[in-house]
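Participant: Below you'll find query.txt; it's compact mmCIF, C-alpha atoms.
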```txt
# COMPACT_ATOMS: atom_id res chain seq x y z
CA MET O 1 152.92 39.70 107.29
CA ALA O 2 149.90 41.65 106.03
CA THR O 3 149.83 42.39 102.30
CA THR O 4 147.85 44.72 100.07
CA SER O 5 145.59 41.79 99.19
CA GLY O 6 144.82 40.73 102.73
CA PHE O 7 146.01 39.73 106.17
CA ARG O 8 145.58 36.94 108.71
CA ALA O 9 142.98 37.14 111.46
CA LEU O 10 141.49 34.84 114.10
CA VAL O 11 137.72 35.04 113.58
CA THR O 12 134.86 33.69 115.69
CA ARG O 13 132.00 32.90 113.32
CA ALA O 14 129.44 31.23 115.61
CA LYS O 15 128.54 30.85 119.26
CA LYS O 16 130.09 27.90 121.11
CA THR O 17 132.46 27.40 118.17
CA LEU O 18 136.22 27.88 118.28
CA ALA O 19 137.67 30.76 116.28
CA LYS O 20 139.72 29.93 113.19
CA VAL O 21 142.48 31.72 111.32
CA GLU O 22 141.22 33.30 108.10
CA GLN O 23 142.38 35.76 105.47
CA LEU O 24 140.62 39.13 105.66
CA THR O 25 140.85 42.32 103.62
CA ARG O 26 140.93 45.89 104.89
CA ALA O 27 137.47 46.41 103.39
CA GLU O 28 136.10 43.88 105.89
CA LEU O 29 137.25 45.94 108.87
CA PRO O 30 134.68 48.31 110.43
CA SER O 31 134.57 51.86 109.09
CA THR O 32 132.83 53.15 112.23
CA SER O 33 132.79 52.01 115.84
CA THR O 34 130.50 49.07 116.57
CA VAL O 35 130.67 49.70 120.33
CA LYS O 36 127.43 51.07 121.83
CA GLN O 37 129.19 53.80 123.82
CA SER O 38 130.86 55.20 120.70
CA SER O 39 128.51 53.97 117.99
CA GLY O 40 129.04 55.63 114.63
CA LYS O 41 132.39 57.22 115.50
CA GLU O 42 134.67 57.03 112.48
CA CYS O 43 137.53 54.52 112.53
CA ASN O 44 140.18 56.99 111.39
CA LEU O 45 143.26 54.98 112.43
CA THR O 46 144.47 51.88 110.65
CA ILE O 47 147.10 49.98 112.60
CA ARG O 48 149.50 47.25 111.52
CA VAL O 49 149.30 45.07 114.62
CA SER O 50 152.52 43.68 116.06
CA TYR O 51 151.17 42.03 119.22
CA SER O 52 148.03 41.34 121.15
CA ASN O 53 147.60 39.07 124.19
CA LEU O 54 145.18 36.68 125.86
CA ASN O 55 142.76 37.90 128.52
CA TYR O 56 139.76 36.17 130.08
CA LYS O 57 137.36 38.08 127.79
CA ASP O 58 139.44 37.02 124.80
CA ALA O 59 139.22 33.38 125.88
CA LEU O 60 135.43 33.67 125.99
CA VAL O 61 135.28 35.29 122.53
CA VAL O 62 137.67 32.77 120.96
CA THR O 63 135.67 29.83 122.33
CA GLY O 64 132.37 31.39 121.28
CA THR O 65 131.11 31.65 124.87
CA TYR O 66 131.26 35.40 125.48
CA PRO O 67 127.85 36.61 126.76
CA GLY O 68 126.05 38.54 124.04
CA LEU O 69 128.70 37.58 121.47
CA LYS O 70 128.42 39.42 118.16
CA VAL O 71 129.53 37.34 115.19
CA PRO O 72 131.66 37.46 113.22
CA MET O 73 134.13 38.82 115.77
CA VAL O 74 137.90 39.23 115.79
CA GLY O 75 138.97 38.96 119.43
CA GLY O 76 141.86 40.70 121.13
CA ILE O 77 140.98 43.46 123.62
CA ASP O 78 144.56 44.76 123.41
CA LEU O 79 146.89 45.64 120.59
CA VAL O 80 150.18 47.38 119.98
CA GLY O 81 151.45 48.29 116.55
CA LYS O 82 152.24 51.01 114.01
CA VAL O 83 149.89 53.45 112.34
CA VAL O 84 149.66 52.81 108.59
CA GLU O 85 146.83 55.23 107.88
CA ALA O 86 145.49 58.25 109.80
CA THR O 87 142.62 60.31 108.44
CA LYS O 88 140.27 63.08 109.59
CA LEU O 89 141.83 63.64 112.99
CA SER O 90 139.86 66.40 114.69
CA ALA O 91 141.40 69.09 116.87
CA ASP O 92 140.16 67.48 120.09
CA THR O 93 141.57 63.99 119.43
CA ALA O 94 145.04 62.59 119.75
CA LYS O 95 147.25 63.36 116.77
CA PHE O 96 149.03 60.42 115.17
CA ASN O 97 151.21 60.15 112.10
CA VAL O 98 151.91 57.21 109.86
CA GLY O 99 154.71 55.23 111.49
CA ASP O 100 153.78 56.14 115.07
CA THR O 101 153.67 53.23 117.50
CA VAL O 102 150.47 53.09 119.56
CA LEU O 103 148.75 50.82 122.03
CA VAL O 104 145.07 50.21 122.69
CA ASN O 105 143.48 48.65 125.78
CA GLY O 106 139.74 48.01 125.97
CA PHE O 107 137.06 50.45 124.75
CA GLY O 108 135.02 47.41 123.67
CA MET O 109 137.60 46.32 121.12
CA GLY O 110 137.74 42.54 120.73
CA THR O 111 134.28 42.02 122.21
CA ASP O 112 132.06 44.55 120.40
CA HIS O 113 134.47 45.82 117.74
CA SER O 114 137.02 43.95 115.63
CA GLY O 115 140.14 43.61 117.78
CA GLY O 116 143.81 42.78 117.96
CA TYR O 117 143.75 39.17 116.71
CA ALA O 118 144.37 40.40 113.18
CA GLN O 119 147.39 41.78 111.41
CA GLU O 120 145.45 45.00 110.81
CA ALA O 121 142.87 46.88 112.87
CA LYS O 122 140.74 49.98 112.30
CA ILE O 123 139.69 52.05 115.32
CA PRO O 124 138.69 55.58 116.32
CA SER O 125 141.87 57.51 117.14
CA GLU O 126 140.52 58.33 120.62
CA TRP O 127 141.09 54.72 121.67
CA ALA O 128 144.85 54.82 121.12
CA ILE O 129 147.68 56.26 123.19
CA PRO O 130 151.32 56.60 122.13
CA LEU O 131 153.63 53.79 123.19
CA PRO O 132 155.20 55.09 126.44
CA ASP O 133 158.86 56.04 126.45
CA GLU O 134 161.33 53.31 127.44
CA MET O 135 158.76 50.61 126.69
CA THR O 136 159.03 48.19 123.77
CA GLU O 137 156.07 46.86 121.82
CA LEU O 138 156.59 43.49 123.50
CA ASP O 139 156.65 45.11 126.96
CA ALA O 140 153.33 46.79 126.21
CA ALA O 141 151.82 43.51 125.00
CA LYS O 142 152.95 41.69 128.13
CA ILE O 143 151.32 44.38 130.26
CA GLY O 144 148.12 44.73 128.24
CA THR O 145 144.70 45.24 129.81
CA ALA O 146 145.58 42.94 132.72
CA GLY O 147 148.64 44.98 133.63
CA TYR O 148 146.97 48.30 132.96
CA THR O 149 144.07 47.23 135.20
CA SER O 150 146.58 46.21 137.87
CA MET O 151 148.16 49.66 137.61
CA LEU O 152 144.77 51.30 138.15
CA CYS O 153 144.09 49.08 141.18
CA VAL O 154 147.48 49.72 142.75
CA GLY O 155 147.16 53.43 141.97
CA ALA O 156 143.76 53.49 143.69
CA LEU O 157 145.28 52.02 146.86
CA VAL O 158 148.29 54.32 146.81
CA ASN O 159 146.27 57.45 146.02
CA SER O 160 143.80 56.66 148.82
CA GLY O 161 146.62 56.66 151.34
CA VAL O 162 147.52 52.99 151.84
CA LYS O 163 151.23 52.85 152.73
CA PRO O 164 153.63 49.90 153.06
CA ASP O 165 153.86 50.44 156.82
CA ASP O 166 150.08 50.04 157.18
CA GLY O 167 150.24 46.27 156.76
CA PRO O 168 150.02 43.54 154.11
CA ILE O 169 148.06 43.81 150.88
CA ILE O 170 146.14 40.69 149.89
CA VAL O 171 145.78 39.90 146.17
CA THR O 172 143.10 37.46 144.99
CA GLY O 173 143.32 35.53 141.72
CA ALA O 174 147.05 35.72 142.24
CA THR O 175 148.22 33.53 139.36
CA GLY O 176 146.08 35.30 136.76
CA GLY O 177 147.30 38.19 134.65
CA VAL O 178 145.89 41.00 136.81
CA GLY O 179 146.89 39.28 140.05
CA SER O 180 150.42 38.45 138.91
CA ILE O 181 151.18 41.98 137.77
CA ALA O 182 149.56 43.51 140.86
CA ILE O 183 151.85 41.38 143.04
CA ALA O 184 154.89 42.40 141.02
CA LEU O 185 154.01 46.09 141.28
CA LEU O 186 153.17 46.06 144.98
CA SER O 187 156.29 44.11 145.93
CA GLN O 188 158.48 46.49 143.92
CA LEU O 189 156.83 49.43 145.69
CA GLY O 190 157.76 48.02 149.07
CA TYR O 191 154.47 46.46 150.18
CA GLU O 192 154.19 43.07 151.86
CA VAL O 193 151.94 41.00 149.62
CA VAL O 194 149.81 37.98 150.52
CA ALA O 195 148.52 35.93 147.59
CA VAL O 196 145.25 34.00 147.36
CA SER O 197 145.33 31.01 145.02
CA GLY O 198 143.37 27.87 144.32
CA LYS O 199 146.73 26.23 143.62
CA ALA O 200 148.35 27.00 146.97
CA ASP O 201 149.43 23.36 147.41
CA ASP O 202 151.25 23.28 144.07
CA PRO O 203 155.04 23.74 144.53
CA GLU O 204 155.50 25.35 141.11
CA THR O 205 152.75 27.88 141.85
CA ASN O 206 154.31 28.73 145.20
CA THR O 207 157.72 29.19 143.62
CA TYR O 208 156.24 31.43 140.93
CA LEU O 209 154.40 33.60 143.46
CA LYS O 210 157.42 33.87 145.76
CA ARG O 211 159.57 34.99 142.83
CA LEU O 212 157.00 37.71 142.12
CA GLY O 213 157.41 38.90 145.70
CA VAL O 214 154.68 37.43 147.94
CA SER O 215 155.40 36.72 151.60
CA SER O 216 152.81 33.95 151.89
CA VAL O 217 150.06 32.16 149.96
CA VAL O 218 146.54 31.65 151.32
CA PRO O 219 144.48 28.75 149.90
CA ARG O 220 141.41 30.12 148.16
CA ALA O 221 139.25 27.59 150.01
CA GLU O 222 139.87 29.50 153.24
CA LEU O 223 138.00 32.45 151.72
CA GLU O 224 135.11 30.47 150.27
CA ALA O 225 133.27 29.75 153.54
CA GLU O 226 130.22 31.73 154.65
CA PRO O 227 131.62 35.21 155.43
CA LYS O 228 131.33 36.71 158.90
CA PRO O 229 130.23 40.33 159.30
CA LEU O 230 133.65 41.08 160.79
CA GLY O 231 136.76 38.93 161.04
CA LYS O 232 140.23 39.50 162.41
CA GLU O 233 141.87 42.65 161.03
CA LEU O 234 144.69 41.27 158.87
CA TYR O 235 145.17 43.40 155.76
CA ALA O 236 145.62 47.09 155.02
CA GLY O 237 144.27 46.68 151.51
CA CYS O 238 143.38 44.32 148.71
CA VAL O 239 143.48 44.00 144.94
CA ASP O 240 140.52 41.75 144.20
CA THR O 241 139.97 40.15 140.81
CA VAL O 242 137.45 37.55 141.98
CA GLY O 243 134.41 39.14 143.62
CA GLY O 244 131.71 36.93 145.11
CA VAL O 245 132.21 35.14 148.41
CA VAL O 246 136.00 35.62 148.28
CA LEU O 247 135.56 39.41 148.22
CA ALA O 248 132.97 39.22 151.00
CA ASN O 249 135.44 37.34 153.20
CA VAL O 250 138.27 39.72 152.38
CA LEU O 251 136.16 42.75 153.32
CA SER O 252 135.62 41.30 156.79
CA MET O 253 139.41 41.02 157.30
CA ILE O 254 140.46 44.53 156.24
CA LYS O 255 141.98 46.78 158.88
CA TYR O 256 140.43 50.04 160.04
CA SER O 257 140.33 52.57 157.16
CA GLY O 258 141.64 49.96 154.74
CA LYS O 259 140.93 50.00 151.01
CA VAL O 260 139.82 47.26 148.62
CA ALA O 261 140.20 47.76 144.85
CA ASN O 262 137.87 45.41 142.96
CA CYS O 263 138.22 44.91 139.22
CA GLY O 264 136.80 41.44 138.53
CA LEU O 265 134.02 38.93 139.03
CA ALA O 266 135.57 35.55 138.23
CA GLY O 267 134.00 34.22 141.46
CA GLY O 268 130.57 35.67 140.77
CA MET O 269 128.78 38.99 140.42
CA ALA O 270 126.76 38.72 143.64
CA LEU O 271 128.28 40.15 146.83
CA SER O 272 126.76 38.76 150.03
CA THR O 273 128.13 40.91 152.81
CA THR O 274 127.00 43.35 155.50
CA VAL O 275 127.64 47.03 156.05
CA ALA O 276 129.75 46.22 159.13
CA PRO O 277 133.19 46.64 157.48
CA PHE O 278 132.13 50.00 156.06
CA ILE O 279 130.45 51.61 159.07
CA LEU O 280 132.44 50.01 161.91
CA ARG O 281 135.92 49.99 160.37
CA GLY O 282 135.67 52.67 157.72
CA VAL O 283 136.66 50.25 154.96
CA SER O 284 136.35 51.56 151.40
CA LEU O 285 135.45 49.42 148.39
CA LEU O 286 136.93 51.02 145.26
CA GLY O 287 135.47 49.98 141.91
CA ILE O 288 138.00 49.87 139.05
CA ASP O 289 136.88 50.15 135.42
CA SER O 290 139.64 49.84 132.86
CA VAL O 291 137.56 49.52 129.69
CA PHE O 292 136.39 53.11 129.31
CA ALA O 293 138.87 54.99 131.52
CA ASP O 294 139.90 58.29 129.94
CA HIS O 295 143.24 59.12 128.36
CA ALA O 296 144.51 60.98 131.40
CA ALA O 297 144.00 57.95 133.67
CA ARG O 298 145.65 55.63 131.14
CA LYS O 299 148.68 57.81 130.60
CA GLN O 300 149.07 58.40 134.34
CA ALA O 301 148.96 54.65 135.05
CA TYR O 302 151.52 53.84 132.36
CA SER O 303 153.87 56.70 133.20
CA THR O 304 153.81 55.96 136.95
CA TYR O 305 153.89 52.17 137.01
CA GLY O 306 155.10 51.07 133.57
CA PRO O 307 158.76 51.86 134.34
CA VAL O 308 158.49 49.93 137.63
CA LEU O 309 157.42 46.80 135.77
CA VAL O 310 159.91 47.13 132.93
CA LYS O 311 162.92 47.80 135.18
CA SER O 312 162.03 44.98 137.59
CA ASN O 313 162.36 42.37 134.81
CA LEU O 314 159.39 40.56 136.38
CA LEU O 315 157.45 40.83 133.12
CA ASN O 316 159.76 38.11 131.78
CA LEU O 317 158.73 35.84 134.65
CA ILE O 318 155.02 36.56 134.12
CA CYS O 319 155.31 36.10 130.36
CA ASP O 320 158.42 34.25 129.22
CA ASP O 321 159.22 33.16 125.66
CA SER O 322 157.10 30.00 126.01
CA HIS O 323 154.07 32.27 126.54
CA ILE O 324 154.36 33.99 123.14
CA LEU O 325 151.72 32.45 120.88
CA GLU O 326 151.04 32.29 117.17
CA LEU O 327 147.42 32.91 116.13
CA GLU O 328 146.83 29.19 115.60
CA GLN O 329 147.78 28.46 119.24
CA VAL O 330 145.28 30.88 120.75
CA PRO O 331 142.11 28.71 120.75
CA GLU O 332 143.72 25.82 122.63
CA THR O 333 145.33 28.17 125.16
CA ALA O 334 142.01 29.98 125.59
CA GLU O 335 140.33 26.71 126.53
CA LYS O 336 143.05 26.05 129.10
CA MET O 337 142.59 29.54 130.53
CA LEU O 338 138.86 28.97 131.03
CA GLU O 339 139.68 25.67 132.76
CA GLY O 340 142.07 27.44 135.14
CA LYS O 341 145.08 25.54 133.82
CA ILE O 342 147.44 28.41 133.03
CA ARG O 343 149.18 31.18 134.96
CA GLY O 344 150.71 34.52 134.12
CA ARG O 345 150.30 36.32 130.80
CA TYR O 346 150.25 35.15 127.17
CA VAL O 347 151.25 37.38 124.26
CA VAL O 348 149.92 36.82 120.74
CA LYS O 349 152.42 37.59 117.99
CA LEU O 350 150.92 38.87 114.74
```
Show me this structure written as structure tokens.
Facilitator:
Amino acid sequence: MATTSGFRALVTRAKKTLAKVEQLTRAELPSTSTVKQSSGKECNLTIRVSYSNLNYKDALVVTGTYPGLKVPMVGGIDLVGKVVEATKLSADTAKFNVGDTVLVNGFGMGTDHSGGYAQEAKIPSEWAIPLPDEMTELDAAKIGTAGYTSMLCVGALVNSGVKPDDGPIIVTGATGGVGSIAIALLSQLGYEVVAVSGKADDPETNTYLKRLGVSSVVPRAELEAEPKPLGKELYAGCVDTVGGVVLANVLSMIKYSGKVANCGLAGGMALSTTVAPFILRGVSLLGIDSVFADHAARKQAYSTYGPVLVKSNLLNLICDDSHILELEQVPETAEKMLEGKIRGRYVVKL
């Protein structure tokens, strides 16, 4: 519990050094945004944080390995909590009152601006949205940036005309946070889902993915060979979290007029492919940015797909009680995430 004298926070003090839990004061939180895109914007919301979660970026920050890491840094690219102070809210920004429950995903928080791994956070009010109706704080934390990104990816496929009858959707990085929630959403919306996983031979992984709703699991190794310009048309669409050679192979297997929503680069930033899928099959590659998406896109994603996730009860499979961490447990779990030894989502309780 935060007090008037201070609050607990997980702080990274040096590169290649694990973050440690410390006591901070409100005076040590930023008074203006330290994110380049919104530099100097006043932090006019103070939030008592209830939950954050663990994403790949968070794991890099907590282990001191995030590229271009600014220190000291409080990680946590997501937070949900209650407003304890709201000042100087202009007419063109969201209006919040003390006691309102809000959530924040991205905007550079947790990587370039003190984030959700603290019992208090100060941010510009433009970064926050109200907690959606029929969603608890814990629901929002389980969804987080990974789930919100999944919603944007699925929305991009749906809005571009991909229908369940068009054929299977392949999801790469299936056991990660984005992949897991994308599978859950797509299966609940009536799509056949094929998962790609580096753990396809693991019985527990297969059981987990089948419970989420996949029809089959493809070993990642099958998509790591040198890609052909065009392969057999197998999939109507894809949610890709990996990039690199895996994405190049997937593109060659997409059906005519199919869509691929890419939101990640865990397999590498380079994309060695040809124009063949685009000019001979009319395939579209849709780039998904969740960090700086505007309020309208965020609210639309949550209002359309949040209820699907909550009502399905699959969030409890993706993030069960054993995946709710105390601050002190985050560094060890972050190391395991970077080693590829975890699956699903992890919530951080403040």
Participant: Could you check which of O:Ala184, O:Met337, O:Leu286, O:Val348 is closest to Leu60 in chain O, using only C-alpha atoms?
Facilitator: O:Met337
Participant: I want to know what sits within 6 Å of range 198-209 of chain O, based on all atoms listed in the file, with residues of the same chain fewer than 5 positions away left out; could you give that as a list in words?
Facilitator: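 Close residues of range 198-209 of chain O: Val214, Pro219 and Arg220 of chain O.
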Participant: Name the residues in contact with range 173-175 of chain O at a cut-off of 6 Å, using only C-alpha atoms, excluding same-chain residues fewer than 3 positions from it; report them as JSON, numbers by chain.
Facilitator: {"O": [179, 180, 195, 196, 197, 241, 343, 344]}
Participant: Output the selection as a PDB file, in the coordinates of the input - C-alpha atoms for each residue.
Facilitator:
```pdb
ATOM      1  CA  GLY O 179     146.890  39.280 140.050  1.00  0.00           C
ATOM      2  CA  SER O 180     150.420  38.450 138.910  1.00  0.00           C
ATOM      3  CA  ALA O 195     148.520  35.930 147.590  1.00  0.00           C
ATOM      4  CA  VAL O 196     145.250  34.000 147.360  1.00  0.00           C
ATOM      5  CA  SER O 197     145.330  31.010 145.020  1.00  0.00           C
ATOM      6  CA  THR O 241     139.970  40.150 140.810  1.00  0.00           C
ATOM      7  CA  ARG O 343     149.180  31.180 134.960  1.00  0.00           C
ATOM      8  CA  GLY O 344     150.710  34.520 134.120  1.00  0.00           C
TER       9      GLY O 344
END
```
Participant: One decimal, in Å: what's the spacing between CA of Gly268 in chain O and CA of Ser252 in chain O?
Facilitator: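 Calculated distance between CA of Gly268 in chain O and CA of Ser252 in chain O is 17.7 Å.
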Participant: Expressed in Å to a single decimal, how great is the separation between CA of Ser50 in chain O and CA of Gly144 in chain O?
Facilitator: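 Between CA of Ser50 in chain O and CA of Gly144 in chain O the gap works out to 13.0 Å.
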Participant: Report, in Å with one decimal, the straight-line distance from CA of Ile254 in chain O to CA of Ser303 in chain O.
Facilitator: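 Interatomic distance, CA of Ile254 in chain O to CA of Ser303 in chain O: 29.3 Å.
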Participant: Kindly indicate which residue among O:Leu251, O:Val49, O:Val260, O:Val71 lies nearest to Gly99 in chain O, using only C-alpha atoms for the distances.
Facilitator: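 The answer is O:Val49, which sits nearest to Gly99 in chain O.
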Participant: May I have the protein, DNA and RNA residues with any atom at most 12 Å from the point (141.8, 42.8, 123.2), counting only C-alpha atoms, written as a ChimeraX atom specification?
Facilitator: /O:49,51-62,73-80,103-118,121,141,143-146,291,347-348
Participant: From the options O:Glu226, O:Asp100, O:Asp321, O:Glu120, which residue's atoms come nearest to Val245 in chain O, counting all atoms listed in the file?
Facilitator: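 Answer, going by the shortest atom-to-atom distance: O:Glu226.
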Participant: When you look at Ala248 in chain O with a cut-off of 8 Å (counting all atoms listed in the file), what residues show up, excluding the ones that are within fewer than 6 positions of it in the same chain? I need them as a VMD selection string.
Facilitator: chain O and resid 227 271 to 273
Participant: Would you mind telling me which residue in O:Asn313, O:Ser284, O:Gln300, O:Ser215 lies nearest to Ile181 in chain O when using all atoms listed in the file?
Facilitator: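 Closest to Ile181 in chain O of all the choices is O:Asn313.
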Participant: Closest to Thr304 in chain O among O:Glu233, O:Glu192, O:Asp133, O:Glu224, using all atoms listed in the file?
Facilitator: O:Asp133
Participant: Got a sec: who's within 9 Å of Cys43 in chain O, counting only C-alpha atoms, leaving out chain neighbours fewer than 4 positions off, as a list in words?
Facilitator: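 Skipping anything fewer than 4 positions along the chain leaves Pro30, Ser31, Thr32, Ser33, Thr87, Lys122, Ile123, Pro124 and Ser125 of chain O.
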Participant: Determine the nearest neighbour of Tyr302 in chain O from the options O:Asp139, O:Phe96, O:Ser39, O:Lys20, counting all atoms listed in the file.
Facilitator: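 Going through O:Asp139, O:Phe96, O:Ser39, O:Lys20 one by one, the smallest distance to Tyr302 in chain O is for O:Asp139.
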